[in-house]
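Student: Sending over a structure as structure tokens; questions will come in a sec.
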Amino acid sequence: MASNPAQRNVNGHSVQSSSSAATLNDSYPPTNVLVTGLRRSGKTSMLQVIFHHCLPKDTFFLDPTSKVQKICTDSAIPLEFWDCPGNLPLTSLPLHQFSTLMFVVDIQDNFNYSIPQLVETVVAACRENPDINVEVFVHKADVLADDYKIGSCCLFLCGSSYGMERLHTFCSPLETYRHVQQRVFDELQDTGLEIEMLQLQFHLTSIYDHSIYESFSQVVQRLIDPLPYLEDLMNVFCANSRLSKAFLFDTHSRIYVATDASPVDGATHNLCCDYVHLISQFIPLYRDQAQSDSNDPSRWSSSSVRLNPDTTLAYWQITSTLAMVVLLPSETYDSRRGLVEYNLVFFKEGVQEILQVEAERCRQLAAPVLAS
């Protein structure tokens, strides 16, 4: 549940903070993520759907963002997402404090406005912090879905020496996505930035499907320094327990912070993501609210369901905020369940130890900053 918002002033602009997780680590500063873009591009809608469980249909009634809003969450690492108004000048933001820049482009937008704004933002952020991760969300892909937009016309306005030229073309979301990618790369090259050194990724997203969760998962994973150790641990666990696929989910946001080395199949991810949501809805029904302690391992949840005669989906809580969701053969689960859960004990200990070491390292790095 979100805590009561707290307001303060940063560089002359009002900032509203809210917590989306039950527990936040206050012993060291969180990793900051800047979320920006033109007005009505869908920035606030994405954050509200993921971190505050707002229904996609209810995002139509959200007020436009008029001041900087900070959404705090804590799973594998503490994070702060800065939701900025579209008209906020870049000079008012401490760009050097951000580890990731997320720029949201409405797929319906006039790209003559959104892409130059994106390029200007990327150039300014890279000058302040050359190591910043840049994530471009080509958002609202649902409005151009092929199944109900057949024959629709996408408009692209392209500048020319003779004025504005309007090009009419029939495009799928994927074609529009590629058009945005190519145009952004072309304009970034004109600025003189070294594209090869720029940590730039593109995502085609919508709040009406699981693409937004998978894209946010990729953004968060780039910020987790001990990610290779978590992935190695998951690979060993999957190999020794004969699992088909495994995800380590943040139970609050349904973002997966790590997975094993096997390819991520969209249908498998969607299934596991929905199962995490289902379990999180049922957990309060079986918990004594007066005595419950989310940090007590004896109260952590587990569940399993047989999807078909050959496949079982299983869920185990690993920490107070993380849970493992796996797909495995039903025969393995029936005949080797004891071995799987025995391996799981060591997997839990490994994950907890990795996160404890990372938290201690961050505290040591932050100690001089906090002291000053």
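Identifiers for the structure tokens are assigned positionally: chains receive A, B, ... in sequence, residues are indexed from 1 per chain, and ligands are indexed from 1 in the order shown.
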Would you mind listing what lies within 10 Å of A:Phe237 as a ChimeraX atom specification, with only C-alpha atoms counted and same-chain residues fewer than 3 positions away left out?
Tutor: /A:231-234,240-243,246,260,340,343-344,346-347
Student: So, with only C-alpha atoms as the atoms that count, which of A:Pro309, A:Gly266, A:Pro30, A:Gly350 lies closest to A:Glu214?
Tutor: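 The shortest atom-to-atom distance to A:Glu214 comes from A:Gly266.
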Student: For a quick check of understanding, using only C-alpha atoms, which of A:Asn133, A:Thr259, A:Gln352, A:Gln221 has the smallest distance to A:Met197?
Tutor: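 Nearest candidate to A:Met197 out of A:Asn133, A:Thr259, A:Gln352, A:Gln221: A:Asn133.
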Student: Which neighbours of stretch 37-49 of chain A fall inside 7 Å, counting only C-alpha atoms, when residues of the same chain fewer than 2 positions from it are skipped, and could you give them as a PyMOL selection string?
Tutor: chain A and resi 35+51-56+59+83+85-86+103-106+114+207
Student: Between A:Ile115, A:Leu95, A:Ile77, A:Ala323, which one has atoms that come closest to A:His179, using only C-alpha atoms?
Tutor: A:Ile115
Student: Report the residues of stretch 149-371 of chain A whose backbone DSSP state falls under helix (DSSP H, G or I), written as number ranges by chain.
Tutor: A: 173-191, 195-197, 211-221, 227-241, 266-286, 297-299, 330-335, 337-371
Student: Choose the residue, out of A:Lys348, A:Arg336, A:Asp265, A:Cys238, that has the smallest atom-to-atom separation from A:Trp300; count only C-alpha atoms.
Tutor: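 Of all the options, A:Lys348 lies closest to A:Trp300.
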Student: Report, in Å with one decimal, the straight-line distance from atom CA of A:Phe249 to atom CA of A:Ser320.
Tutor: 11.4 Å
Student: Name all residues at most 7 Å from A:Tyr315 (count only C-alpha atoms; drop same-chain ones fewer than 5 positions away) and give them as a list in words.
Tutor: Ser302, Ser303, Ser304, Ala323, Met324, Val325 and Val326 of chain A
Student: Take the residues from that selection and write them out as a PDB file, in the first residue's frame, keeping all heavy atoms.
Tutor:
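Result file result.pdb:
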ATOM      1  N   SER A 302       3.718 -20.292  -0.319  1.00  0.00           N
ATOM      2  CA  SER A 302       4.125 -21.195  -1.395  1.00  0.00           C
ATOM      3  C   SER A 302       2.865 -21.787  -2.000  1.00  0.00           C
ATOM      4  O   SER A 302       1.830 -21.896  -1.338  1.00  0.00           O
ATOM      5  CB  SER A 302       5.048 -22.310  -0.880  1.00  0.00           C
ATOM      6  OG  SER A 302       4.375 -23.119   0.065  1.00  0.00           O
ATOM      7  N   SER A 303       2.963 -22.164  -3.264  1.00  0.00           N
ATOM      8  CA  SER A 303       1.787 -22.686  -3.952  1.00  0.00           C
ATOM      9  C   SER A 303       2.227 -23.429  -5.199  1.00  0.00           C
ATOM     10  O   SER A 303       3.342 -23.228  -5.694  1.00  0.00           O
ATOM     11  CB  SER A 303       0.842 -21.536  -4.322  1.00  0.00           C
ATOM     12  OG  SER A 303      -0.260 -21.996  -5.061  1.00  0.00           O
ATOM     13  N   SER A 304       1.349 -24.267  -5.697  1.00  0.00           N
ATOM     14  CA  SER A 304       1.609 -24.954  -6.964  1.00  0.00           C
ATOM     15  C   SER A 304       0.283 -25.289  -7.623  1.00  0.00           C
ATOM     16  O   SER A 304      -0.743 -25.442  -6.957  1.00  0.00           O
ATOM     17  CB  SER A 304       2.421 -26.244  -6.740  1.00  0.00           C
ATOM     18  OG  SER A 304       1.669 -27.184  -5.981  1.00  0.00           O
ATOM     19  N   ALA A 323       9.846 -13.495  -4.879  1.00  0.00           N
ATOM     20  CA  ALA A 323       9.305 -14.851  -4.947  1.00  0.00           C
ATOM     21  C   ALA A 323       9.827 -15.536  -6.207  1.00  0.00           C
ATOM     22  O   ALA A 323      10.013 -14.896  -7.248  1.00  0.00           O
ATOM     23  CB  ALA A 323       7.785 -14.835  -4.949  1.00  0.00           C
ATOM     24  N   MET A 324      10.053 -16.844  -6.097  1.00  0.00           N
ATOM     25  CA  MET A 324      10.480 -17.660  -7.223  1.00  0.00           C
ATOM     26  C   MET A 324       9.249 -18.322  -7.845  1.00  0.00           C
ATOM     27  O   MET A 324       8.435 -18.919  -7.143  1.00  0.00           O
ATOM     28  CB  MET A 324      11.462 -18.728  -6.750  1.00  0.00           C
ATOM     29  CG  MET A 324      11.748 -19.799  -7.764  1.00  0.00           C
ATOM     30  SD  MET A 324      12.858 -19.228  -9.036  1.00  0.00           S
ATOM     31  CE  MET A 324      14.429 -19.514  -8.233  1.00  0.00           C
ATOM     32  N   VAL A 325       9.118 -18.192  -9.164  1.00  0.00           N
ATOM     33  CA  VAL A 325       8.052 -18.852  -9.906  1.00  0.00           C
ATOM     34  C   VAL A 325       8.712 -19.719 -10.969  1.00  0.00           C
ATOM     35  O   VAL A 325       9.533 -19.222 -11.752  1.00  0.00           O
ATOM     36  CB  VAL A 325       7.092 -17.845 -10.552  1.00  0.00           C
ATOM     37  CG1 VAL A 325       5.969 -18.570 -11.288  1.00  0.00           C
ATOM     38  CG2 VAL A 325       6.506 -16.910  -9.500  1.00  0.00           C
ATOM     39  N   VAL A 326       8.352 -21.021 -11.000  1.00  0.00           N
ATOM     40  CA  VAL A 326       9.030 -21.953 -11.903  1.00  0.00           C
ATOM     41  C   VAL A 326       8.011 -22.784 -12.664  1.00  0.00           C
ATOM     42  O   VAL A 326       6.897 -23.032 -12.195  1.00  0.00           O
ATOM     43  CB  VAL A 326       9.986 -22.892 -11.126  1.00  0.00           C
ATOM     44  CG1 VAL A 326      10.983 -22.103 -10.305  1.00  0.00           C
ATOM     45  CG2 VAL A 326       9.217 -23.857 -10.238  1.00  0.00           C
TER      46      VAL A 326
END
Student: May I have the residues within 9 Å of A:Tyr213 as a list in words, using only C-alpha atoms and disregarding those fewer than 4 positions away in the same chain?
Tutor: Ile50, Thr205, Ile207, Asp209, Ser217, Gln218, Ser253, Arg254, Ile255, Tyr256 and Cys273 of chain A
Student: Generate a file of the selected residues that holds C-alpha atoms, formatted as an mmCIF file, in the first residue's frame.
Tutor:
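The resulting file, selection-v1.cif, is shown below:
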data_model
loop_
_atom_site.group_PDB
_atom_site.id
_atom_site.type_symbol
_atom_site.label_atom_id
_atom_site.label_comp_id
_atom_site.auth_asym_id
_atom_site.auth_seq_id
_atom_site.Cartn_x
_atom_site.Cartn_y
_atom_site.Cartn_z
ATOM 1 C CA ILE A 50 2.876 -1.198 -12.187
ATOM 2 C CA THR A 205 4.976 -1.224 -24.722
ATOM 3 C CA ILE A 207 -0.387 -1.025 -20.349
ATOM 4 C CA ASP A 209 -0.713 -6.374 -21.989
ATOM 5 C CA SER A 217 11.993 -5.833 -15.798
ATOM 6 C CA GLN A 218 14.756 -5.226 -18.342
ATOM 7 C CA SER A 253 5.191 -4.810 -8.925
ATOM 8 C CA ARG A 254 5.356 -8.152 -10.826
ATOM 9 C CA ILE A 255 8.731 -7.127 -12.269
ATOM 10 C CA TYR A 256 11.142 -10.047 -12.546
ATOM 11 C CA CYS A 273 3.325 -12.862 -14.065
#
Student: Which one of A:Ile195, A:Leu93, A:Ala261, A:Leu118 sits closest to A:Ala239 if you count only C-alpha atoms?
Tutor: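 Looking only at the distances to A:Ala239, the closest residue turns out to be A:Ala261.
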Student: Enter the distance from atom CA of A:Gln364 to atom CA of A:Glu135, in Å, rounded to one decimal.
Tutor: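 Going from atom CA of A:Gln364 over to atom CA of A:Glu135 covers 28.6 Å.
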Student: Considering only C-alpha atoms, return as a list in words whatever protein or nucleic-acid residues lie within 7 Å of A:Leu322, sequence-local ones (same chain, fewer than 6 positions apart) excluded.
Tutor: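 In the requested format, the answer is Ser75, Leu248, Phe249, Asp250 and Thr251 of chain A.
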Student: Export, as a compact mmCIF listing (two decimals), in the first residue's frame, the selected residues with N, CA, C and O atoms.
Tutor:
# COMPACT_ATOMS: atom_id res chain seq x y z
N SER A 75 12.91 -3.82 -3.76
CA SER A 75 12.83 -5.28 -3.94
C SER A 75 14.24 -5.84 -3.83
O SER A 75 14.73 -6.11 -2.75
N LEU A 248 12.59 -14.83 -10.88
CA LEU A 248 12.61 -14.26 -9.53
C LEU A 248 11.86 -12.93 -9.61
O LEU A 248 12.36 -11.96 -10.17
N PHE A 249 10.64 -12.91 -9.06
CA PHE A 249 9.74 -11.78 -9.20
C PHE A 249 9.74 -10.90 -7.95
O PHE A 249 9.86 -11.39 -6.82
N ASP A 250 9.59 -9.60 -8.18
CA ASP A 250 9.19 -8.68 -7.12
C ASP A 250 7.68 -8.83 -6.99
O ASP A 250 6.93 -8.54 -7.92
N THR A 251 7.21 -9.30 -5.83
CA THR A 251 5.81 -9.66 -5.68
C THR A 251 4.88 -8.46 -5.73
O THR A 251 3.70 -8.61 -6.06
